[in-house]
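Source file: input_7.cif (mmCIF, C-alpha atoms)
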```cif
data_work
#
loop_
_atom_site.label_atom_id
_atom_site.label_comp_id
_atom_site.auth_asym_id
_atom_site.auth_seq_id
_atom_site.Cartn_x
_atom_site.Cartn_y
_atom_site.Cartn_z
CA MET Q 1 -7.01 -5.28 -34.87
CA LYS Q 2 -9.73 -7.87 -34.44
CA LYS Q 3 -10.99 -9.04 -37.85
CA ILE Q 4 -9.24 -9.38 -41.22
CA LEU Q 5 -10.89 -10.23 -44.55
CA CYS Q 6 -8.90 -11.94 -47.30
CA PRO Q 7 -10.75 -12.44 -50.60
CA THR Q 8 -9.40 -15.27 -52.72
CA ASP Q 9 -9.94 -16.63 -56.22
CA PHE Q 10 -7.51 -19.51 -55.50
CA SER Q 11 -4.82 -18.01 -57.76
CA LYS Q 12 -1.11 -17.76 -56.97
CA THR Q 13 -1.53 -14.01 -56.59
CA ALA Q 14 -4.28 -14.47 -54.01
CA ALA Q 15 -2.09 -17.02 -52.20
CA LYS Q 16 0.60 -14.37 -51.73
CA ALA Q 17 -1.98 -12.02 -50.21
CA LEU Q 18 -3.04 -14.83 -47.88
CA ASP Q 19 0.56 -15.14 -46.64
CA TYR Q 20 0.37 -11.48 -45.60
CA ALA Q 21 -3.07 -11.88 -44.03
CA ILE Q 22 -1.83 -14.84 -41.97
CA TYR Q 23 1.24 -12.89 -40.90
CA ILE Q 24 -0.90 -9.99 -39.68
CA ALA Q 25 -3.40 -12.29 -37.94
CA ARG Q 26 -0.62 -14.16 -36.12
CA LYS Q 27 1.08 -10.95 -35.00
CA THR Q 28 -2.12 -9.27 -33.83
CA GLY Q 29 -4.25 -12.20 -32.68
CA ALA Q 30 -6.96 -11.19 -35.14
CA HIS Q 31 -9.66 -13.39 -36.61
CA LEU Q 32 -9.00 -14.14 -40.29
CA SER Q 33 -11.79 -14.91 -42.75
CA LEU Q 34 -11.10 -16.19 -46.25
CA LEU Q 35 -13.73 -14.92 -48.67
CA HIS Q 36 -14.82 -16.39 -51.99
CA VAL Q 37 -17.81 -15.19 -53.97
CA VAL Q 38 -19.68 -16.73 -56.87
CA HIS Q 39 -22.60 -15.28 -58.76
CA LEU Q 40 -25.15 -16.49 -61.28
CA PRO Q 41 -24.67 -14.88 -64.70
CA ILE Q 42 -27.52 -13.02 -66.34
CA VAL Q 43 -29.51 -15.42 -68.53
CA ASP Q 44 -32.39 -14.91 -70.94
CA THR Q 45 -34.15 -18.31 -71.12
CA SER Q 46 -35.37 -20.83 -68.57
CA GLU Q 47 -33.26 -23.56 -70.20
CA THR Q 48 -30.13 -21.46 -69.95
CA ALA Q 49 -31.04 -20.55 -66.36
CA LEU Q 50 -31.21 -24.25 -65.43
CA VAL Q 51 -27.78 -24.92 -66.87
CA ALA Q 52 -26.37 -21.83 -65.18
CA SER Q 53 -27.91 -22.86 -61.85
CA GLU Q 54 -26.34 -26.31 -62.08
CA LEU Q 55 -22.98 -24.76 -62.91
CA LEU Q 56 -23.32 -22.40 -59.95
CA GLY Q 57 -24.01 -25.35 -57.67
CA GLU Q 58 -20.87 -27.10 -58.89
CA GLN Q 59 -18.82 -23.93 -58.36
CA ILE Q 60 -20.10 -23.57 -54.80
CA ARG Q 61 -19.33 -27.21 -53.95
CA ASP Q 62 -15.84 -26.99 -55.46
CA ALA Q 63 -15.09 -23.67 -53.75
CA GLY Q 64 -16.31 -25.01 -50.41
CA GLU Q 65 -13.96 -27.98 -50.63
CA ARG Q 66 -11.02 -25.76 -51.52
CA LEU Q 67 -11.76 -23.28 -48.75
CA ARG Q 68 -12.07 -26.04 -46.14
CA ALA Q 69 -8.74 -27.44 -47.32
CA MET Q 70 -7.14 -23.98 -47.03
CA VAL Q 71 -8.41 -23.54 -43.47
CA ARG Q 72 -7.11 -26.99 -42.51
CA GLN Q 73 -3.71 -26.12 -43.95
CA ILE Q 74 -3.62 -22.83 -42.02
CA GLU Q 75 -4.51 -24.76 -38.86
CA GLU Q 76 -1.77 -27.33 -39.41
CA MET Q 77 0.97 -24.91 -40.52
CA HIS Q 78 0.22 -21.87 -38.37
CA GLY Q 79 -1.82 -23.14 -35.43
CA ALA Q 80 -5.04 -21.28 -36.26
CA ASN Q 81 -7.97 -22.44 -34.12
CA ARG Q 82 -5.50 -24.62 -32.19
CA GLY Q 83 -3.88 -22.30 -29.70
CA GLY Q 84 -1.72 -20.56 -32.30
CA GLY Q 85 -2.89 -17.13 -31.21
CA PHE Q 86 -5.45 -16.48 -33.94
CA THR Q 87 -8.59 -17.96 -35.45
CA CYS Q 88 -9.55 -18.61 -39.06
CA ASP Q 89 -12.68 -19.50 -41.00
CA TYR Q 90 -14.11 -18.95 -44.46
CA ILE Q 91 -17.07 -17.19 -46.05
CA LEU Q 92 -18.60 -18.54 -49.25
CA LYS Q 93 -21.46 -16.56 -50.75
CA GLU Q 94 -23.38 -16.11 -53.95
CA ALA Q 95 -22.85 -12.36 -54.18
CA LEU Q 96 -20.89 -9.55 -55.77
CA LEU Q 97 -17.51 -8.98 -54.14
CA ILE Q 98 -17.93 -5.23 -53.66
CA ASP Q 99 -21.40 -5.56 -52.11
CA LEU Q 100 -20.30 -8.27 -49.70
CA ALA Q 101 -17.06 -6.49 -48.78
CA LYS Q 102 -19.05 -3.34 -47.98
CA TYR Q 103 -21.44 -5.29 -45.78
CA LEU Q 104 -18.71 -7.16 -43.91
CA THR Q 105 -16.62 -4.05 -43.22
CA GLU Q 106 -19.55 -1.82 -42.32
CA LYS Q 107 -21.75 -4.29 -40.42
CA GLU Q 108 -19.58 -7.21 -39.30
CA GLY Q 109 -16.54 -5.39 -37.98
CA TYR Q 110 -13.84 -6.38 -40.48
CA GLU Q 111 -11.16 -3.71 -40.11
CA LEU Q 112 -8.71 -4.62 -42.89
CA ILE Q 113 -9.01 -6.18 -46.34
CA VAL Q 114 -5.95 -7.99 -47.72
CA MET Q 115 -6.07 -8.70 -51.46
CA GLY Q 116 -3.67 -9.73 -54.19
CA THR Q 117 -2.77 -7.58 -57.15
CA THR Q 118 -0.76 -8.13 -60.30
CA GLY Q 119 2.79 -7.24 -59.35
CA GLY Q 120 3.89 -6.71 -62.94
CA GLY Q 121 2.49 -9.94 -64.32
CA ASN Q 122 0.13 -10.27 -67.26
CA ALA Q 123 -1.50 -13.65 -66.62
CA LEU Q 124 -5.27 -13.57 -66.94
CA GLU Q 125 -5.77 -14.53 -63.28
CA GLU Q 126 -3.58 -11.62 -62.21
CA LEU Q 127 -5.37 -9.13 -64.43
CA LEU Q 128 -8.70 -10.24 -63.01
CA ILE Q 129 -7.71 -10.05 -59.36
CA GLY Q 130 -5.97 -6.72 -59.98
CA SER Q 131 -9.19 -5.36 -61.42
CA ASN Q 132 -11.16 -6.62 -58.41
CA THR Q 133 -8.71 -5.03 -56.01
CA GLN Q 134 -8.98 -1.65 -57.71
CA ALA Q 135 -12.78 -1.90 -57.65
CA VAL Q 136 -12.75 -2.58 -53.90
CA VAL Q 137 -10.35 0.36 -53.37
CA GLU Q 138 -12.79 2.63 -55.19
CA GLU Q 139 -16.01 1.41 -53.55
CA VAL Q 140 -15.17 0.16 -50.03
CA ARG Q 141 -13.85 2.62 -47.45
CA SER Q 142 -12.07 0.12 -45.24
CA PRO Q 143 -8.25 0.12 -45.25
CA LEU Q 144 -6.98 -2.28 -47.90
CA LEU Q 145 -3.58 -3.91 -48.22
CA ALA Q 146 -2.89 -4.74 -51.89
CA VAL Q 147 -0.20 -7.42 -52.15
CA PRO Q 148 1.54 -8.09 -55.47
CA GLY Q 149 2.28 -11.63 -56.52
CA ILE Q 150 6.01 -10.79 -56.59
CA ALA Q 151 6.11 -9.49 -53.00
CA VAL Q 152 8.74 -10.89 -50.67
CA ALA Q 153 7.78 -12.75 -47.51
CA PRO Q 154 6.07 -10.42 -45.02
CA ASP Q 155 8.24 -8.80 -42.35
CA PHE Q 156 6.92 -5.40 -41.31
CA THR Q 157 9.81 -3.26 -40.08
CA LYS Q 158 9.38 -0.01 -42.03
CA ILE Q 159 6.18 1.63 -43.28
CA ILE Q 160 6.56 4.46 -45.76
CA TYR Q 161 3.71 6.96 -45.72
CA ALA Q 162 3.34 9.33 -48.68
CA THR Q 163 2.45 12.77 -47.32
CA ASP Q 164 1.49 16.21 -48.61
CA TYR Q 165 1.83 17.83 -45.16
CA THR Q 166 -1.94 18.35 -44.80
CA PRO Q 167 -4.40 17.98 -41.89
CA GLU Q 168 -5.83 14.94 -43.69
CA ASP Q 169 -2.40 13.33 -43.42
CA VAL Q 170 -2.38 13.85 -39.66
CA LYS Q 171 -5.71 12.02 -39.38
CA ALA Q 172 -4.47 9.20 -41.59
CA LEU Q 173 -1.28 8.90 -39.54
CA HIS Q 174 -3.33 7.78 -36.54
CA GLN Q 175 -4.20 4.66 -38.57
CA VAL Q 176 -0.67 4.24 -39.92
CA VAL Q 177 0.98 4.60 -36.52
CA SER Q 178 -1.50 2.23 -34.89
CA PHE Q 179 -0.74 -0.32 -37.59
CA ALA Q 180 3.03 0.21 -37.27
CA ASN Q 181 2.93 -0.17 -33.49
CA LEU Q 182 1.37 -3.63 -33.83
CA PHE Q 183 4.63 -4.80 -35.42
CA GLY Q 184 7.16 -2.48 -33.81
CA ALA Q 185 7.75 -0.87 -37.21
CA CYS Q 186 9.12 2.61 -37.86
CA VAL Q 187 7.32 5.11 -40.12
CA ASP Q 188 9.01 7.25 -42.78
CA LEU Q 189 6.96 10.29 -43.85
CA VAL Q 190 7.90 10.92 -47.49
CA HIS Q 191 6.93 13.89 -49.62
CA VAL Q 192 7.64 13.90 -53.35
CA SER Q 193 7.95 17.28 -55.07
CA LYS Q 194 9.06 18.37 -58.51
CA GLU Q 195 11.61 20.70 -56.95
CA SER Q 196 12.78 21.59 -53.47
CA THR Q 197 11.72 25.08 -52.35
CA ASP Q 198 11.85 27.11 -49.16
CA SER Q 199 8.05 27.05 -49.00
CA ILE Q 200 7.97 23.25 -49.06
CA LYS Q 201 10.71 23.05 -46.42
CA GLU Q 202 8.73 25.40 -44.18
CA ARG Q 203 5.57 23.29 -44.57
CA ALA Q 204 7.59 20.18 -43.78
CA SER Q 205 8.98 21.77 -40.62
CA HIS Q 206 5.52 22.75 -39.33
CA PHE Q 207 4.13 19.32 -40.19
CA TRP Q 208 7.02 17.56 -38.46
CA ASP Q 209 6.56 19.59 -35.28
CA GLU Q 210 2.87 18.70 -35.23
CA VAL Q 211 3.22 14.95 -35.77
CA ARG Q 212 6.11 14.62 -33.30
CA GLY Q 213 3.88 16.23 -30.68
CA ILE Q 214 1.05 13.80 -31.42
CA PHE Q 215 3.18 10.63 -31.70
CA PRO Q 216 6.12 11.16 -29.34
CA GLU Q 217 6.66 7.43 -28.70
CA THR Q 218 6.71 6.32 -32.35
CA ALA Q 219 9.87 5.96 -34.43
CA LEU Q 220 9.22 8.57 -37.13
CA CYS Q 221 11.33 10.43 -39.65
CA ILE Q 222 10.48 12.84 -42.46
CA ARG Q 223 12.06 12.93 -45.90
CA GLU Q 224 11.70 14.96 -49.10
CA VAL Q 225 12.21 13.31 -52.49
CA VAL Q 226 12.63 15.37 -55.65
CA ASN Q 227 11.09 13.67 -58.66
CA LYS Q 228 8.76 14.89 -61.41
CA LYS Q 229 6.64 11.73 -61.09
CA PRO Q 230 5.21 11.04 -57.61
CA ASP Q 231 4.82 7.28 -58.08
CA GLU Q 232 8.36 6.85 -59.35
CA GLY Q 233 9.77 8.92 -56.50
CA LEU Q 234 7.92 6.83 -53.94
CA LYS Q 235 9.01 3.55 -55.50
CA ALA Q 236 12.64 4.66 -55.63
CA TYR Q 237 12.61 5.68 -51.97
CA TYR Q 238 10.86 2.45 -50.98
CA GLN Q 239 13.50 0.34 -52.70
CA GLN Q 240 16.43 2.42 -51.42
CA GLU Q 241 15.24 2.28 -47.81
CA ASN Q 242 14.06 -1.37 -47.86
CA GLY Q 243 10.46 -0.53 -47.07
CA SER Q 244 7.96 -3.15 -45.95
CA ILE Q 245 4.74 -1.36 -46.92
CA LEU Q 246 3.93 1.81 -48.86
CA ALA Q 247 0.91 3.57 -47.32
CA VAL Q 248 -1.11 6.16 -49.24
CA LEU Q 249 -4.20 8.22 -48.54
CA ARG Q 250 -6.86 8.08 -51.24
CA ARG Q 251 -8.55 11.46 -51.57
CA ASN Q 252 -9.96 13.82 -54.14
CA LYS Q 253 -7.74 16.83 -53.59
CA GLY Q 254 -4.19 17.81 -52.73
CA PHE Q 255 -0.94 16.15 -53.70
CA PHE Q 256 -2.53 12.81 -54.56
CA ALA Q 257 -5.26 14.19 -56.80
CA ASP Q 258 -3.13 13.08 -59.74
CA LEU Q 259 -1.67 10.04 -58.03
CA PHE Q 260 -5.01 8.26 -58.06
CA THR Q 261 -6.11 9.03 -61.56
CA GLN Q 262 -6.79 5.83 -63.47
CA ARG Q 263 -3.42 5.93 -65.22
CA LEU Q 264 -1.39 6.10 -62.03
CA ALA Q 265 -3.70 3.80 -60.12
CA ASP Q 266 -2.87 1.19 -62.75
CA ARG Q 267 0.79 1.58 -61.87
CA LEU Q 268 0.34 1.45 -58.10
CA THR Q 269 -2.40 -1.15 -57.80
CA TYR Q 270 -2.70 -3.22 -60.99
CA GLN Q 271 1.07 -3.23 -61.45
CA ALA Q 272 2.16 -2.85 -57.84
CA GLU Q 273 5.74 -3.73 -57.04
CA MET Q 274 5.37 -3.53 -53.25
CA PRO Q 275 2.60 -4.06 -50.69
CA LEU Q 276 0.35 -1.00 -50.84
CA LEU Q 277 -1.79 0.04 -47.85
CA VAL Q 278 -4.62 2.24 -49.14
CA LEU Q 279 -6.38 4.44 -46.59
CA HIS Q 280 -9.43 6.59 -47.20
CA GLU Q 281 -9.87 10.22 -46.28
CA GLN Q 282 -12.07 10.53 -43.21
CA LYS Q 283 -15.23 12.55 -43.57
#
```
Rewrite the structure of this file - the entire thing - as structure tokens.
Amino acid sequence: MKKILCPTDFSKTAAKALDYAIYIARKTGAHLSLLHVVHLPIVDTSETALVASELLGEQIRDAGERLRAMVRQIEEMHGANRGGGFTCDYILKEALLIDLAKYLTEKEGYELIVMGTTGGGNALEELLIGSNTQAVVEEVRSPLLAVPGIAVAPDFTKIIYATDYTPEDVKALHQVVSFANLFGACVDLVHVSKESTDSIKERASHFWDEVRGIFPETALCIREVVNKKPDEGLKAYYQQENGSILAVLRRNKGFFADLFTQRLADRLTYQAEMPLLVLHEQK
């Protein structure tokens, strides 16, 4: 991993995501960029436009000072830009977050976005950043790590990947395993079903044989969880097994067709209780 993007609105929730971004950058030697965007609101008179422009200028100056202070703190505490094994800078733009995130991931080589999400809180700042995170998940195809404000300190030892035993899962596992290997983490492949059947067990067996052949050097295991609600089954397994990250594949068909409806996306992203790595189905 070479470049990580960490959007911030200077909230406590965003600060937690930054902890995770720093952890990943230190472990991988990646370049970390803090990102803050501001944009001029739509106005209908020249007088209002002047006031809005002055306000925008103040926001940019204030944000620049805060971002410079954050980079200095990362340098002092973690050795960024000072022989600590990774580099750090900031990006401050008048733009829309989704547009800029798309450009940076598609054109500038940023491989991972790390953003905060609500983590069960209801403060306005958390609702806003949770909404932004979900919007980026929907519109930007780069892997995204959504970090709740209540997340524990980062220590990646076990990644739990939610699987439906499909070919798309095998493709996604290349990303998951590569990520896990950066930290020496094991990967649990977890399937949630409403009931355990012979057909599901047979699919699991074929899937397991395939992935073991592809990733013979990776610490993998496969588990079936019986629960009528996929998100609840995944959360229960994550807590029981002391997971570090829950990884899911965002797609339009298969087991997770229902998982990423708006209702369940609210549970997993807006109200996340654990770090959630969202991958996108490859075309």
(request) Could you check how far atom CA of Q:Ile91 sits from atom CA of Q:Ser11, in Å to one decimal? (result)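 Computing it gives 17.0 Å between the two atoms.
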(message) I want to know what sits within 9 Å of Q:Leu97, based on all atoms listed in the file, with residues of the same chain fewer than 5 positions away left out; could you give that as a list in words?
(response)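 With the cut-off at 9 Å, the set is Pro7, Leu35, His36, Val37, Val38, Lys102, Asn132 and Val136 of chain Q.
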(message) Which polymer residues, whether protein, DNA or RNA, lie within 12 Å of the coordinate (5.4, 0.2, -31.3) when you count all atoms listed in the file? List them as a list in words, using the chain letters and numbers from the file.
(response)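 Neighbouring residues, ordered by chain and number, come to Phe156, Thr157, Lys158, Val176, Val177, Ser178, Phe179, Ala180, Asn181, Leu182, Phe183, Gly184, Ala185, Cys186, Val187, Phe215, Pro216, Glu217, Thr218, Ala219 and Leu220 of chain Q.
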(request) Report as a ChimeraX atom specification the residues that result from applying the PyMOL selection byres ((chain Q and resi 85-89) around 7) to the structure here. (result) /Q:25-26,29-34,71,80-81,83-84,90
(request) Select, from Q:Phe207, Q:Lys229, Q:Gln240, Q:Met1, the residue with the minimum atom-to-atom distance to Q:Pro167, counting all atoms listed in the file. (result) Q:Phe207
(message) I'd like to know which of Q:Glu232, Q:Glu195, Q:Asp155, Q:Asp19 is closest to Q:Met115, using only C-alpha atoms.
(response)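 Ranking Q:Glu232, Q:Glu195, Q:Asp155, Q:Asp19 by distance to Q:Met115, first place goes to Q:Asp19.
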